[in-house]
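As structure tokens, the structure follows; a few thoughts come after it.
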Amino acid sequence: MAYTKKTTTATGSTEKVTKTTEVKEDVKTFSPEDTVPCRSLVSGGLYIEGARSHILYSWADCGDVVDVEYRDLIYLVRTREDVNIYSPRIIIEDEDFVEQNKSVKDLYESMYETSDLNEILNLPVPQMSETIKKLPKGAKEALKGIASTMIESHALDSVHRIKALDEIFGTKMLLTLVQE
């Protein structure tokens with residue numbers, strides 16, 4: 001939506017007219033039933049019941065994308081402590097929605113890429129341990145899932161490294177390597 005601001009300045013016998021036009025970007029508005037694509041970050045199944053629509057949203061595995069109704073998603077965002085959004089378990093893929101919700105935008109800007117987390121697992125063990133301890137809770141959970149997947153696929157098979165991860169996360173991932 002554009003609007004015009006006119007400024008008139010009189011100097012002696014001449015008159016100066018300045019026109020300023022500002023263009024505001026159209027902000028996408030969502031209706032309650034609009035759907036917003038969300039991608040799962042959880043290894044395995046993830047189920048979230050919509051608080052407003054009572055629809056059961058289900059993701060089969062990490063990377064799956066499901067459309068979630070706006071009214072359910074905005075409720076999750078406004079519930080500041082919701083682990084699905086703020087840990088996060090799902091990533092909202094609609095840029096307009098993210099731009100309109102400052103808390104989500106700030107969270108996404110502070111998050112790590114999967115490649116960054118994989119690089120942490122490749123650091124020397126003492127440095128890896130120190131780096132993991134400094135990560136935010138959501139990044140630690142994501143790293144735990146990545147490490148688990150890598151151990152299952154034998155991409156991560158260093159006993160020393162897995163013991164360090166077990167100690168940090170309080171898990172027993174070394175047992176999955178031993179069982180095979």
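Chains: A, B, ... in order of the structure tokens. Residues: from 1 per chain. Ligands: from 1, in order shown.
Residues in contact with Val42 (chain A) at 10 Å, where only C-alpha atoms are counted and same-chain residues fewer than 6 positions away are skipped, are listed as A:Trp59, A:Ala60, A:Asp61, A:Cys62, A:Gly63, A:Asp64, A:Asn84, A:Pro88, A:Arg89, A:Ile90, A:Glu141, A:Ala142, A:Gly145, A:Ile146.
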Using DSSP on the backbone coordinates, identify all residues within region 18-154 of chain A classified as helix (DSSP H, G or I); present the result as a ChimeraX atom specification.
-> /A:70-78,83-86,95-100,102-110,114-121,125-134,137-152
Give me the residues within 12 Å of Glu49 (chain A) as a PyMOL selection string, counting only C-alpha atoms and dropping any in the same chain fewer than 3 places off.
-> chain A and resi 46+52-59+68-69+72-73+75-76+84
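With only C-alpha atoms as the atoms that count, the minimum distance from Asn101 (chain A) to the choices A:Lys163, A:Arg71, A:Lys144, A:Arg78 is reached by A:Arg78.
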